[in-house]
Amino acid sequence: MKSSKSMGLSQMSVVDPDVLSQVANYFKLLSEVSRLQVLNCLRSGPMSVNALVEATGLGQANVSKHLKLLTEAGILEREPKGVSAYYSIADPTIFDLCELVCDRISDRLIQQAEAFKQFKAFSTPRSSSLEKSK
């Protein structure tokens, strides 16, 4: 989707609300910290449920629930091996999306830190002049 800044309003396509609902559900899926923990663990390769439980510190039922949702969304793949099941990343572009979001958050925090540095300019000379007047 192009922004209204890059194209005239008359050229903007209308996106079906059902499509937007699916996009919103995808982002909702990624809005859970535990699911992001699971994805981060799987970045290094396939893992069993037990290994994910140990790596994340989450309960087995909780991890299994998140694995099911991520698999249903097509983000993960499940491969049974004997009595265990191993999960792996089915859609590696998920990490591109996460990197994009993390970079944006980092940029915003850096901008905020720069803005807060301006407060230091006000506090340093003032505190020195107050000490001199005592």
# chains A, B, ... in the order shown; residues from 1 in each chain; ligands from 1

call {"tool": "residues_around", "arguments": {"residues": "Ile94 (chain A)", "least_positions_apart": "2", "cutoff": "12 Å", "atoms": "only C-alpha atoms", "output": "PDB file with N, CA, C and O atoms, in the first residue's frame"}}
result
ATOM      1  N   TYR A  26      -2.804 -11.084  11.780  1.00  0.00           N
ATOM      2  CA  TYR A  26      -1.393 -11.479  11.677  1.00  0.00           C
ATOM      3  C   TYR A  26      -0.557 -10.675  12.666  1.00  0.00           C
ATOM      4  O   TYR A  26       0.273 -11.220  13.389  1.00  0.00           O
ATOM      5  N   PHE A  27      -0.790  -9.360  12.705  1.00  0.00           N
ATOM      6  CA  PHE A  27      -0.057  -8.521  13.650  1.00  0.00           C
ATOM      7  C   PHE A  27      -0.429  -8.858  15.092  1.00  0.00           C
ATOM      8  O   PHE A  27       0.421  -8.808  15.978  1.00  0.00           O
ATOM      9  N   LEU A  29      -1.128 -11.756  16.184  1.00  0.00           N
ATOM     10  CA  LEU A  29      -0.381 -12.976  16.469  1.00  0.00           C
ATOM     11  C   LEU A  29       1.031 -12.642  16.933  1.00  0.00           C
ATOM     12  O   LEU A  29       1.576 -13.291  17.826  1.00  0.00           O
ATOM     13  N   LEU A  30       1.600 -11.606  16.365  1.00  0.00           N
ATOM     14  CA  LEU A  30       2.965 -11.206  16.708  1.00  0.00           C
ATOM     15  C   LEU A  30       3.027 -10.248  17.894  1.00  0.00           C
ATOM     16  O   LEU A  30       4.106  -9.834  18.297  1.00  0.00           O
ATOM     17  N   LEU A  36       6.978 -14.180  20.436  1.00  0.00           N
ATOM     18  CA  LEU A  36       8.233 -13.610  19.949  1.00  0.00           C
ATOM     19  C   LEU A  36       9.432 -14.339  20.554  1.00  0.00           C
ATOM     20  O   LEU A  36      10.446 -14.542  19.883  1.00  0.00           O
ATOM     21  N   LEU A  39       9.746 -17.542  18.546  1.00  0.00           N
ATOM     22  CA  LEU A  39      10.330 -17.258  17.238  1.00  0.00           C
ATOM     23  C   LEU A  39      11.819 -16.981  17.342  1.00  0.00           C
ATOM     24  O   LEU A  39      12.611 -17.453  16.525  1.00  0.00           O
ATOM     25  N   ASN A  40      12.210 -16.234  18.347  1.00  0.00           N
ATOM     26  CA  ASN A  40      13.618 -15.921  18.537  1.00  0.00           C
ATOM     27  C   ASN A  40      14.431 -17.184  18.790  1.00  0.00           C
ATOM     28  O   ASN A  40      15.538 -17.333  18.271  1.00  0.00           O
ATOM     29  N   LEU A  42      13.716 -20.175  17.713  1.00  0.00           N
ATOM     30  CA  LEU A  42      13.731 -20.975  16.487  1.00  0.00           C
ATOM     31  C   LEU A  42      14.589 -20.355  15.387  1.00  0.00           C
ATOM     32  O   LEU A  42      14.838 -20.991  14.366  1.00  0.00           O
ATOM     33  N   ARG A  43      15.046 -19.157  15.615  1.00  0.00           N
ATOM     34  CA  ARG A  43      15.916 -18.489  14.635  1.00  0.00           C
ATOM     35  C   ARG A  43      17.172 -19.323  14.379  1.00  0.00           C
ATOM     36  O   ARG A  43      17.684 -19.367  13.263  1.00  0.00           O
ATOM     37  N   LEU A  70       1.081 -20.310  15.763  1.00  0.00           N
ATOM     38  CA  LEU A  70       2.089 -19.905  14.789  1.00  0.00           C
ATOM     39  C   LEU A  70       2.134 -20.865  13.602  1.00  0.00           C
ATOM     40  O   LEU A  70       2.374 -20.448  12.466  1.00  0.00           O
ATOM     41  N   ALA A  73      -0.872 -20.249  11.332  1.00  0.00           N
ATOM     42  CA  ALA A  73      -0.688 -19.009  10.562  1.00  0.00           C
ATOM     43  C   ALA A  73       0.331 -19.182   9.438  1.00  0.00           C
ATOM     44  O   ALA A  73       0.523 -18.270   8.633  1.00  0.00           O
ATOM     45  N   GLY A  74       0.989 -20.337   9.393  1.00  0.00           N
ATOM     46  CA  GLY A  74       1.980 -20.595   8.344  1.00  0.00           C
ATOM     47  C   GLY A  74       3.348 -20.036   8.638  1.00  0.00           C
ATOM     48  O   GLY A  74       4.224 -20.029   7.770  1.00  0.00           O
ATOM     49  N   ILE A  75       3.567 -19.566   9.852  1.00  0.00           N
ATOM     50  CA  ILE A  75       4.867 -19.011  10.229  1.00  0.00           C
ATOM     51  C   ILE A  75       5.828 -20.131  10.603  1.00  0.00           C
ATOM     52  O   ILE A  75       7.019 -20.059  10.330  1.00  0.00           O
ATOM     53  N   LEU A  76       5.298 -21.184  11.234  1.00  0.00           N
ATOM     54  CA  LEU A  76       6.100 -22.338  11.642  1.00  0.00           C
ATOM     55  C   LEU A  76       5.678 -23.593  10.895  1.00  0.00           C
ATOM     56  O   LEU A  76       4.556 -23.683  10.388  1.00  0.00           O
ATOM     57  N   ILE A  89      11.046 -22.584  11.424  1.00  0.00           N
ATOM     58  CA  ILE A  89      10.491 -21.408  10.747  1.00  0.00           C
ATOM     59  C   ILE A  89      10.102 -21.797   9.325  1.00  0.00           C
ATOM     60  O   ILE A  89      10.931 -22.264   8.557  1.00  0.00           O
ATOM     61  N   ALA A  90       8.845 -21.613   8.981  1.00  0.00           N
ATOM     62  CA  ALA A  90       8.348 -21.895   7.628  1.00  0.00           C
ATOM     63  C   ALA A  90       8.464 -20.656   6.752  1.00  0.00           C
ATOM     64  O   ALA A  90       8.626 -20.761   5.543  1.00  0.00           O
ATOM     65  N   ASP A  91       8.368 -19.480   7.368  1.00  0.00           N
ATOM     66  CA  ASP A  91       8.379 -18.224   6.633  1.00  0.00           C
ATOM     67  C   ASP A  91       9.470 -17.320   7.210  1.00  0.00           C
ATOM     68  O   ASP A  91       9.219 -16.528   8.124  1.00  0.00           O
ATOM     69  N   PRO A  92      10.697 -17.428   6.683  1.00  0.00           N
ATOM     70  CA  PRO A  92      11.804 -16.645   7.248  1.00  0.00           C
ATOM     71  C   PRO A  92      11.645 -15.133   7.090  1.00  0.00           C
ATOM     72  O   PRO A  92      12.340 -14.370   7.748  1.00  0.00           O
ATOM     73  N   ASP A  96      12.555 -10.549   8.790  1.00  0.00           N
ATOM     74  CA  ASP A  96      12.686  -9.256   8.116  1.00  0.00           C
ATOM     75  C   ASP A  96      11.704  -8.258   8.715  1.00  0.00           C
ATOM     76  O   ASP A  96      12.043  -7.100   8.957  1.00  0.00           O
ATOM     77  N   LEU A  97      10.487  -8.720   8.946  1.00  0.00           N
ATOM     78  CA  LEU A  97       9.466  -7.868   9.550  1.00  0.00           C
ATOM     79  C   LEU A  97       9.885  -7.449  10.961  1.00  0.00           C
ATOM     80  O   LEU A  97       9.805  -6.270  11.314  1.00  0.00           O
ATOM     81  N   CYS A  98      10.352  -8.409  11.743  1.00  0.00           N
ATOM     82  CA  CYS A  98      10.791  -8.100  13.113  1.00  0.00           C
ATOM     83  C   CYS A  98      11.971  -7.136  13.108  1.00  0.00           C
ATOM     84  O   CYS A  98      12.031  -6.208  13.918  1.00  0.00           O
ATOM     85  N   GLU A  99      12.899  -7.325  12.173  1.00  0.00           N
ATOM     86  CA  GLU A  99      14.059  -6.440  12.079  1.00  0.00           C
ATOM     87  C   GLU A  99      13.630  -5.021  11.713  1.00  0.00           C
ATOM     88  O   GLU A  99      14.127  -4.042  12.281  1.00  0.00           O
ATOM     89  N   LEU A 100      12.687  -4.918  10.796  1.00  0.00           N
ATOM     90  CA  LEU A 100      12.164  -3.612  10.403  1.00  0.00           C
ATOM     91  C   LEU A 100      11.551  -2.893  11.604  1.00  0.00           C
ATOM     92  O   LEU A 100      11.828  -1.714  11.860  1.00  0.00           O
ATOM     93  N   VAL A 101      10.752  -3.609  12.371  1.00  0.00           N
ATOM     94  CA  VAL A 101      10.110  -3.023  13.555  1.00  0.00           C
ATOM     95  C   VAL A 101      11.158  -2.654  14.603  1.00  0.00           C
ATOM     96  O   VAL A 101      11.128  -1.555  15.171  1.00  0.00           O
TER      97      VAL A 101
END

call {"tool": "select_by_dssp", "arguments": {"residues": "chain A", "states": "strand (DSSP E or B)", "output": "list in words"}}
result
Met47, Ser48, Leu76, Glu77, Arg78, Glu79, Pro80, Lys81, Ser84, Ala85, Tyr86, Tyr87, Ser88 and Ile89 of chain A

call {"tool": "closest_residue", "arguments": {"among": "A:Gln118, A:Asn25, A:Ser106, A:Ser48", "to": "Gln60 (chain A)", "atoms": "only C-alpha atoms"}}
result
A:Ser48

call {"tool": "residues_around", "arguments": {"residues": "Ser34 (chain A)", "least_positions_apart": "5", "cutoff": "9 Å", "atoms": "only C-alpha atoms", "output": "number ranges by chain"}}
result
A: 39, 56, 58, 62-63, 66

call {"tool": "select_by_dssp", "arguments": {"residues": "region 18-64 of chain A", "states": "alpha helix (DSSP H)", "output": "VMD selection string"}}
result
chain A and resid 18 to 29 33 to 42 49 to 56 60 to 64

call {"tool": "atom_distance", "arguments": {"atom1": "CA of Gln22 (chain A)", "atom2": "CA of Glu77 (chain A)"}}
result
20.0 Å

call {"tool": "atom_distance", "arguments": {"atom1": "CA of Val38 (chain A)", "atom2": "CA of Phe95 (chain A)"}}
result
12.4 Å

call {"tool": "closest_residue", "arguments": {"among": "A:Leu20, A:Val49, A:Val15, A:Cys102", "to": "Tyr86 (chain A)", "atoms": "only C-alpha atoms"}}
result
A:Val49

call {"tool": "atom_distance", "arguments": {"atom1": "CA of Ser88 (chain A)", "atom2": "CA of Gly45 (chain A)"}}
result
6.3 Å
